[in-house]
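Data block for query_22.txt (compact mmCIF, C-alpha atoms):
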# COMPACT_ATOMS: atom_id res chain seq x y z
CA SER A 1 106.80 102.73 84.28
CA GLY A 2 110.23 101.93 85.67
CA ARG A 3 111.86 104.30 83.18
CA GLU A 4 111.65 107.98 82.40
CA HIS A 5 108.26 108.62 80.82
CA ASP A 6 107.58 112.35 81.02
CA ASP A 7 104.28 113.33 79.40
CA ARG A 8 103.53 109.70 78.45
CA ARG A 9 99.91 109.04 77.52
CA ASP A 10 98.51 105.58 78.13
CA GLU A 11 95.51 104.70 76.00
CA ALA A 12 94.05 102.18 78.46
CA ASP A 13 94.04 104.61 81.40
CA GLU A 14 92.58 107.29 79.17
CA ASN A 15 89.75 105.03 78.04
CA ALA A 16 88.98 104.09 81.65
CA LEU A 17 88.62 107.76 82.51
CA LYS A 18 86.58 108.54 79.40
CA GLY A 19 83.99 105.93 80.27
CA LYS A 20 83.29 107.52 83.66
CA GLN A 21 82.74 111.25 83.33
CA TYR A 22 84.47 112.94 80.45
CA ASP A 23 84.33 112.95 76.65
CA SER A 24 88.11 113.33 76.49
CA VAL A 25 90.94 113.24 78.99
CA ARG A 26 94.27 115.03 79.02
CA TYR A 27 96.85 114.14 81.61
CA TRP A 28 100.54 114.27 82.39
CA SER A 29 102.53 111.35 83.74
CA TYR A 30 105.91 111.96 85.34
CA GLY A 31 108.23 109.30 86.72
CA LYS A 32 111.82 108.15 86.90
CA SER A 33 113.23 104.77 87.78
CA GLY A 34 114.66 104.41 91.27
CA LEU A 35 113.19 107.53 92.89
CA THR A 36 112.32 107.38 96.58
CA ALA A 37 109.74 109.73 98.11
CA ARG A 38 112.47 112.31 98.59
CA GLY A 39 113.51 111.98 94.95
CA VAL A 40 109.91 112.39 93.74
CA ASN A 41 109.67 115.58 95.79
CA ARG A 42 112.94 116.90 94.40
CA GLU A 43 112.60 115.94 90.72
CA MET A 44 108.93 115.30 89.87
CA VAL A 45 106.98 117.84 91.94
CA PRO A 46 108.57 120.82 90.09
CA LEU A 47 107.15 119.35 86.86
CA LEU A 48 103.69 119.21 88.46
CA HIS A 49 104.07 122.81 89.63
CA ARG A 50 104.89 123.84 86.07
CA VAL A 51 101.56 122.35 84.92
CA VAL A 52 99.77 124.12 87.78
CA ASP A 53 101.30 127.44 86.79
CA ASP A 54 100.16 127.02 83.18
CA VAL A 55 96.61 126.07 84.19
CA VAL A 56 96.31 129.08 86.48
CA SER A 57 97.71 131.35 83.76
CA SER A 58 95.01 130.04 81.41
CA SER A 59 92.25 130.73 83.93
CA ASN A 60 93.57 134.27 84.37
CA GLY A 61 93.29 135.04 80.67
CA ASP A 62 96.74 134.13 79.33
CA THR A 63 95.96 133.59 75.63
CA ALA A 64 98.97 131.38 74.96
CA ALA A 65 98.11 129.11 77.87
CA GLU A 66 94.43 128.97 76.95
CA ASN A 67 95.29 127.08 73.79
CA CYS A 68 96.60 124.18 75.89
CA PHE A 69 94.60 124.30 79.12
CA GLU A 70 90.86 124.73 78.79
CA LYS A 71 89.82 123.00 82.02
CA PRO A 72 91.23 122.80 85.56
CA ILE A 73 93.07 119.84 87.02
CA HIS A 74 90.53 117.40 88.43
CA ALA A 75 92.83 114.96 90.27
CA ILE A 76 96.45 114.25 91.15
CA VAL A 77 97.62 110.63 91.50
CA LEU A 78 100.77 109.82 93.47
CA LEU A 79 102.69 106.56 93.66
CA CYS A 80 105.73 106.43 95.92
CA GLY A 81 107.29 104.13 98.49
CA VAL A 82 108.27 101.10 96.38
CA ASN A 83 111.88 102.27 96.12
CA ASN A 84 111.84 103.20 99.82
CA VAL A 85 111.35 99.50 100.52
CA LEU A 86 114.79 98.98 98.97
CA ASP A 87 116.29 102.01 100.73
CA PRO A 88 118.77 101.07 103.49
CA ARG A 89 117.30 103.93 105.56
CA PRO A 90 113.54 103.28 105.51
CA THR A 91 113.09 105.18 108.79
CA THR A 92 113.31 108.48 106.86
CA PHE A 93 110.17 107.64 104.87
CA TYR A 94 107.78 109.24 107.35
CA ARG A 95 109.48 112.61 107.10
CA ASP A 96 110.06 112.34 103.35
CA VAL A 97 106.49 111.40 102.36
CA HIS A 98 105.02 114.04 104.69
CA SER A 99 107.21 116.64 103.02
CA LEU A 100 106.23 115.32 99.57
CA ILE A 101 102.49 115.63 100.22
CA HIS A 102 103.00 119.09 101.71
CA SER A 103 104.95 120.20 98.61
CA ILE A 104 102.15 119.03 96.30
CA LYS A 105 99.27 120.55 98.27
CA HIS A 106 100.86 123.85 99.28
CA HIS A 107 101.96 125.20 95.94
CA PRO A 108 101.15 128.95 96.04
CA LYS A 109 98.68 128.60 93.16
CA PHE A 110 97.29 125.16 93.91
CA GLY A 111 94.18 126.51 95.66
CA SER A 112 93.44 128.69 92.66
CA ILE A 113 92.71 125.63 90.52
CA ASP A 114 90.06 123.77 92.43
CA LYS A 115 89.85 123.61 96.20
CA ASP A 116 88.29 120.13 95.94
CA THR A 117 91.00 118.61 93.72
CA PRO A 118 91.71 115.19 95.27
CA LEU A 119 95.21 113.87 95.86
CA LEU A 120 94.98 110.09 95.34
CA ILE A 121 97.86 108.06 96.78
CA LEU A 122 98.27 104.46 95.64
CA GLY A 123 98.97 101.78 98.23
CA LEU A 124 101.97 99.48 97.92
CA PRO A 125 101.81 95.94 96.53
CA ASP A 126 102.36 92.88 98.70
CA PHE A 127 105.94 91.98 97.82
CA THR A 128 105.45 88.39 98.96
CA LYS A 129 103.07 87.87 96.01
CA LEU A 130 105.21 89.32 93.22
CA PRO A 131 105.94 86.49 90.75
CA PHE A 132 109.53 87.50 89.93
CA LEU A 133 110.73 87.42 93.57
CA PRO A 134 111.77 84.15 95.24
CA SER A 135 109.57 83.69 98.29
CA TRP A 136 112.60 83.07 100.52
CA PRO A 137 114.46 85.03 101.54
CA MET A 138 113.97 88.00 99.19
CA GLY A 139 110.16 87.93 99.07
CA TRP A 140 109.86 87.53 102.85
CA ILE A 141 112.32 90.36 103.62
CA LEU A 142 110.85 92.82 101.13
CA GLY A 143 107.34 91.83 102.23
CA PHE A 144 108.20 92.74 105.82
CA ARG A 145 109.75 96.06 104.80
CA GLY A 146 106.85 96.76 102.44
CA ARG A 147 104.29 96.31 105.21
CA TYR A 148 106.26 98.76 107.35
CA ILE A 149 106.35 101.37 104.56
CA GLN A 150 102.62 100.85 103.89
CA HIS A 151 101.84 101.37 107.61
CA VAL A 152 103.87 104.61 107.64
CA LEU A 153 102.11 105.80 104.47
CA GLU A 154 98.68 105.16 105.98
CA THR A 155 99.70 106.97 109.17
CA VAL A 156 100.84 110.04 107.25
CA ILE A 157 97.64 110.10 105.17
CA GLN A 158 95.51 109.93 108.32
CA GLU A 159 97.43 112.86 109.81
CA VAL A 160 97.05 114.88 106.59
CA GLN A 161 93.30 114.13 106.52
CA GLN A 162 92.96 115.38 110.10
CA GLU A 163 94.74 118.60 109.11
CA GLU A 164 92.42 119.00 106.11
CA MET A 165 89.32 118.58 108.24
CA ILE A 166 90.55 121.25 110.65
CA GLU A 167 91.51 123.66 107.87
CA SER A 168 88.62 123.25 105.43
CA GLY A 169 86.17 120.66 106.78
CA ARG A 170 86.71 118.30 103.83
CA ILE A 171 89.14 115.55 102.91
CA GLN A 172 91.20 115.85 99.73
CA THR A 173 93.94 113.27 100.31
CA ARG A 174 92.82 109.65 99.93
CA MET A 175 94.39 106.21 99.81
CA VAL A 176 93.64 104.01 96.79
CA ARG A 177 94.07 100.35 97.66
CA ILE A 178 94.91 98.01 94.80
CA PRO A 179 93.42 94.51 95.40
CA GLU A 180 96.03 91.79 94.99
CA LEU A 181 95.70 90.16 91.58
CA ASN A 182 96.62 86.76 92.98
CA ASP A 183 93.55 86.93 95.21
CA VAL A 184 91.26 88.00 92.37
CA LEU A 185 92.63 85.46 89.90
CA GLY A 186 92.15 82.71 92.46
CA THR A 187 88.37 82.94 92.11
CA ILE A 188 86.41 81.14 89.41
CA GLY A 189 83.39 83.42 89.24
CA TYR A 190 79.78 82.41 89.55
CA GLN A 191 76.42 82.56 87.80
CA ARG A 192 73.71 84.77 89.23
CA TYR A 193 70.04 85.08 88.42
CA GLU A 194 69.15 88.63 87.50
CA SER A 195 65.57 89.83 87.44
CA SER A 196 64.26 91.57 84.35
CA SER A 197 62.23 93.82 86.70
CA CYS A 198 59.06 93.83 84.57
CA SER A 199 55.56 93.97 86.00
CA ILE A 200 51.93 94.21 84.89
CA ASP A 201 52.15 97.97 85.40
CA ASP A 202 55.07 98.10 82.96
CA ALA A 203 53.06 96.21 80.36
CA ASN A 204 50.04 98.47 80.80
CA SER A 205 52.18 101.58 80.38
CA GLU A 206 53.83 100.36 77.16
CA SER A 207 52.56 101.09 73.67
CA ASP A 208 50.92 98.27 71.73
CA GLY A 209 54.10 97.59 69.77
CA ALA A 210 56.24 97.18 72.90
CA THR A 211 53.75 95.23 75.04
CA GLU A 212 54.63 91.87 73.50
CA SER A 213 58.33 92.33 74.38
CA VAL A 214 57.50 93.21 77.97
CA LEU A 215 55.18 90.20 78.32
CA ARG A 216 57.95 87.87 77.10
CA LYS A 217 60.21 89.23 79.84
CA MET A 218 57.46 88.64 82.40
CA GLN A 219 57.14 85.00 81.30
CA ASN A 220 60.92 84.54 81.84
CA PRO A 221 61.61 86.97 84.68
CA PHE A 222 65.13 85.73 85.51
CA LYS A 223 68.23 85.41 83.36
CA MET A 224 71.70 84.10 84.13
CA LYS A 225 74.53 86.61 84.49
CA PHE A 226 78.20 85.70 84.85
CA CYS A 227 79.86 87.48 87.77
CA HIS A 228 83.55 87.74 88.59
CA PRO A 229 85.60 90.32 90.57
CA LEU A 230 87.69 91.10 87.49
CA LEU A 231 84.61 92.31 85.62
CA GLU A 232 84.26 95.06 88.23
CA TYR A 233 87.89 96.12 87.92
CA LEU A 234 88.33 95.75 84.16
CA GLY A 235 85.02 97.15 83.00
CA ASP A 236 83.69 96.49 79.52
CA VAL A 237 86.65 94.86 77.77
CA GLY A 238 84.80 91.86 76.33
CA LEU A 239 85.78 89.25 78.90
CA ASP A 240 83.75 86.07 79.14
CA GLN A 241 84.04 83.11 81.50
CA ALA A 242 86.47 81.21 79.26
CA LYS A 243 88.77 84.22 78.82
CA ILE A 244 88.82 85.04 82.52
CA SER A 245 89.67 81.44 83.38
CA SER A 246 92.72 81.60 81.11
CA LEU A 247 94.15 84.85 82.55
CA GLY A 248 97.33 84.78 84.58
CA MET A 249 99.63 87.30 86.24
CA GLN A 250 101.55 87.74 82.96
CA ASP A 251 98.43 89.28 81.42
CA PHE A 252 98.55 92.15 83.91
CA LEU A 253 102.26 92.95 83.92
CA SER A 254 104.68 94.49 81.45
CA ASP A 255 107.69 92.58 80.16
CA ASP A 256 109.74 93.37 83.27
CA GLY A 257 107.31 91.31 85.38
CA PHE A 258 106.73 94.16 87.83
CA HIS A 259 105.06 97.24 86.35
CA PRO A 260 101.43 97.22 85.17
CA GLY A 261 100.85 96.36 81.53
CA ARG A 262 98.11 94.95 79.30
CA TYR A 263 95.04 94.38 81.50
CA GLY A 264 96.97 95.68 84.52
CA THR A 265 96.85 99.23 83.23
CA ILE A 266 93.07 99.08 82.85
CA TYR A 267 92.82 97.43 86.28
CA CYS A 268 94.69 100.27 87.99
CA GLY A 269 93.04 102.99 85.90
CA ASN A 270 89.51 101.95 86.87
CA LEU A 271 90.44 101.77 90.55
CA ILE A 272 91.81 105.31 90.37
CA VAL A 273 88.71 106.60 88.59
CA ASP A 274 86.40 104.97 91.15
CA ALA A 275 88.36 106.63 93.96
Go ahead and express the file in the form of structure tokens.
Amino acid sequence: SGREHDDRRDEADENALKGKQYDSVRYWSYGKSGLTARGVNREMVPLLHRVVDDVVSSSNGDTAAENCFEKPIHAIVLLCGVNNVLDPRPTTFYRDVHSLIHSIKHHPKFGSIDKDTPLLILGLPDFTKLPFLPSWPMGWILGFRGRYIQHVLETVIQEVQQEEMIESGRIQTRMVRIPELNDVLGTIGYQRYESSSCSIDDANSESDGATESVLRKMQNPFKMKFCHPLLEYLGDVGLDQAKISSLGMQDFLSDDGFHPGRYGTIYCGNLIVDA
């Protein structure tokens, strides 16, 4: 979040996860402002390893740990590279991010949790579209450096995936691409006819009390449905056409104008869950 937020729980992300697969979600969020990939490896990965150790202890019958950890870790989400864009030595990013991924995946007890646990790595934003940066020269320079870091990140992930296929025949490390909000907000949505999918066979199979309702649907087989890309990314948050039309970048960012906030947290959370 741009500040230290160890063990911070975000209600919007949690609700996004709940709606997909689980009745409840427990997760740990570790971060510190200004960390590059090397810093994440040095300061944050040990905190992840501590969680891994506790989960494995629980699965091995440690009574004290069982009170806190009843289920294995289902996913690990990693965001790094933004501060490497500002690093005067961006050429070290390839080595640093490769070492970071290796440190996460090759913890001695990591395989004891769940061999299919995915490592989801978030892509970088397009710095030329961030509202708080002047387009010239800062936005242009950081945009160029950001594209370089993103290319290196994709290269490393591809190499890691090839290693995974050779070792186990399955891919655990995946890239999660975050669609640019400016592109999504630039659309106005559209109305689509949606069939009620009722037929004579449906009417015949219904009880007498329900037949009348089915016949009404058959008389009006199509209904209008409002469609917009944001509805896919935000889920069921009560957005209608008027509300979507009034949304701007400020509705997706925290007060610093950079980190996700408000609808932005739900936006990112749903993308992670879908991945």
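The coordinates place CA of Arg42 in chain A at 25.1 Å from CA of Leu142 in chain A.
One distance worth recording is that between CA of Ala75 in chain A and CA of Leu181 in chain A, which is 25.0 Å.
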note - CA of Ser245 in chain A and CA of Thr265 in chain A are separated by 19.2 Å
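Using all atoms listed in the file for every distance, the candidate list A:Pro134, A:Gly169, A:Pro46, A:Gly39 yields A:Gly39 as the residue closest to Asn83 in chain A.
Candidate residues A:Gly146, A:Leu120, A:Ile141, A:Asp96 were compared for distance to Leu271 in chain A, and the nearest is A:Leu120, using only C-alpha atoms.
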Generate N, CA, C and O atoms for range 241-260 of chain A and emit them as an mmCIF file, keeping the file's coordinate frame.
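Final file, part.cif:
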data_model
loop_
_atom_site.group_PDB
_atom_site.id
_atom_site.type_symbol
_atom_site.label_atom_id
_atom_site.label_comp_id
_atom_site.auth_asym_id
_atom_site.auth_seq_id
_atom_site.Cartn_x
_atom_site.Cartn_y
_atom_site.Cartn_z
ATOM 1 N N GLN A 241 83.583 84.060 80.500
ATOM 2 C CA GLN A 241 84.040 83.110 81.500
ATOM 3 C C GLN A 241 85.290 82.358 81.033
ATOM 4 O O GLN A 241 86.233 82.152 81.807
ATOM 5 N N ALA A 242 85.321 81.951 79.771
ATOM 6 C CA ALA A 242 86.470 81.210 79.260
ATOM 7 C C ALA A 242 87.735 82.060 79.261
ATOM 8 O O ALA A 242 88.819 81.597 79.639
ATOM 9 N N LYS A 243 87.619 83.333 78.864
ATOM 10 C CA LYS A 243 88.770 84.220 78.820
ATOM 11 C C LYS A 243 89.303 84.508 80.214
ATOM 12 O O LYS A 243 90.519 84.487 80.446
ATOM 13 N N ILE A 244 88.390 84.766 81.157
ATOM 14 C CA ILE A 244 88.820 85.040 82.520
ATOM 15 C C ILE A 244 89.544 83.843 83.111
ATOM 16 O O ILE A 244 90.557 83.981 83.805
ATOM 17 N N SER A 245 89.055 82.643 82.824
ATOM 18 C CA SER A 245 89.670 81.440 83.380
ATOM 19 C C SER A 245 91.093 81.240 82.870
ATOM 20 O O SER A 245 91.910 80.595 83.536
ATOM 21 N N SER A 246 91.399 81.786 81.694
ATOM 22 C CA SER A 246 92.720 81.600 81.110
ATOM 23 C C SER A 246 93.718 82.684 81.503
ATOM 24 O O SER A 246 94.898 82.599 81.169
ATOM 25 N N LEU A 247 93.265 83.738 82.191
ATOM 26 C CA LEU A 247 94.150 84.850 82.550
ATOM 27 C C LEU A 247 95.112 84.460 83.651
ATOM 28 O O LEU A 247 94.770 83.723 84.573
ATOM 29 N N GLY A 248 96.328 84.968 83.548
ATOM 30 C CA GLY A 248 97.330 84.780 84.580
ATOM 31 C C GLY A 248 98.014 86.095 84.895
ATOM 32 O O GLY A 248 97.720 87.132 84.279
ATOM 33 N N MET A 249 98.944 86.077 85.845
ATOM 34 C CA MET A 249 99.630 87.300 86.240
ATOM 35 C C MET A 249 100.321 87.970 85.056
ATOM 36 O O MET A 249 100.406 89.200 84.983
ATOM 37 N N GLN A 250 100.834 87.170 84.100
ATOM 38 C CA GLN A 250 101.550 87.740 82.960
ATOM 39 C C GLN A 250 100.663 88.621 82.107
ATOM 40 O O GLN A 250 101.166 89.473 81.360
ATOM 41 N N ASP A 251 99.350 88.457 82.200
ATOM 42 C CA ASP A 251 98.430 89.280 81.420
ATOM 43 C C ASP A 251 98.203 90.654 82.035
ATOM 44 O O ASP A 251 97.522 91.505 81.438
ATOM 45 N N PHE A 252 98.746 90.870 83.217
ATOM 46 C CA PHE A 252 98.550 92.150 83.910
ATOM 47 C C PHE A 252 99.850 92.912 84.126
ATOM 48 O O PHE A 252 99.838 93.999 84.688
ATOM 49 N N LEU A 253 100.966 92.334 83.679
ATOM 50 C CA LEU A 253 102.260 92.950 83.920
ATOM 51 C C LEU A 253 102.964 93.226 82.594
ATOM 52 O O LEU A 253 102.719 92.566 81.584
ATOM 53 N N SER A 254 103.861 94.221 82.625
ATOM 54 C CA SER A 254 104.680 94.490 81.450
ATOM 55 C C SER A 254 105.800 93.447 81.365
ATOM 56 O O SER A 254 105.884 92.532 82.189
ATOM 57 N N ASP A 255 106.668 93.595 80.390
ATOM 58 C CA ASP A 255 107.690 92.580 80.160
ATOM 59 C C ASP A 255 108.678 92.441 81.304
ATOM 60 O O ASP A 255 109.338 91.405 81.424
ATOM 61 N N ASP A 256 108.792 93.475 82.158
ATOM 62 C CA ASP A 256 109.740 93.370 83.270
ATOM 63 C C ASP A 256 109.172 92.555 84.433
ATOM 64 O O ASP A 256 109.856 92.302 85.421
ATOM 65 N N GLY A 257 107.903 92.135 84.336
ATOM 66 C CA GLY A 257 107.310 91.310 85.380
ATOM 67 C C GLY A 257 106.966 92.054 86.653
ATOM 68 O O GLY A 257 106.663 91.438 87.680
ATOM 69 N N PHE A 258 106.987 93.383 86.614
ATOM 70 C CA PHE A 258 106.730 94.160 87.830
ATOM 71 C C PHE A 258 105.721 95.275 87.597
ATOM 72 O O PHE A 258 104.754 95.401 88.333
ATOM 73 N N HIS A 259 105.935 96.089 86.578
ATOM 74 C CA HIS A 259 105.060 97.240 86.350
ATOM 75 C C HIS A 259 103.787 96.833 85.610
ATOM 76 O O HIS A 259 103.796 95.872 84.838
ATOM 77 N N PRO A 260 102.695 97.557 85.842
ATOM 78 C CA PRO A 260 101.430 97.220 85.170
ATOM 79 C C PRO A 260 101.555 97.297 83.656
ATOM 80 O O PRO A 260 102.223 98.162 83.111
#
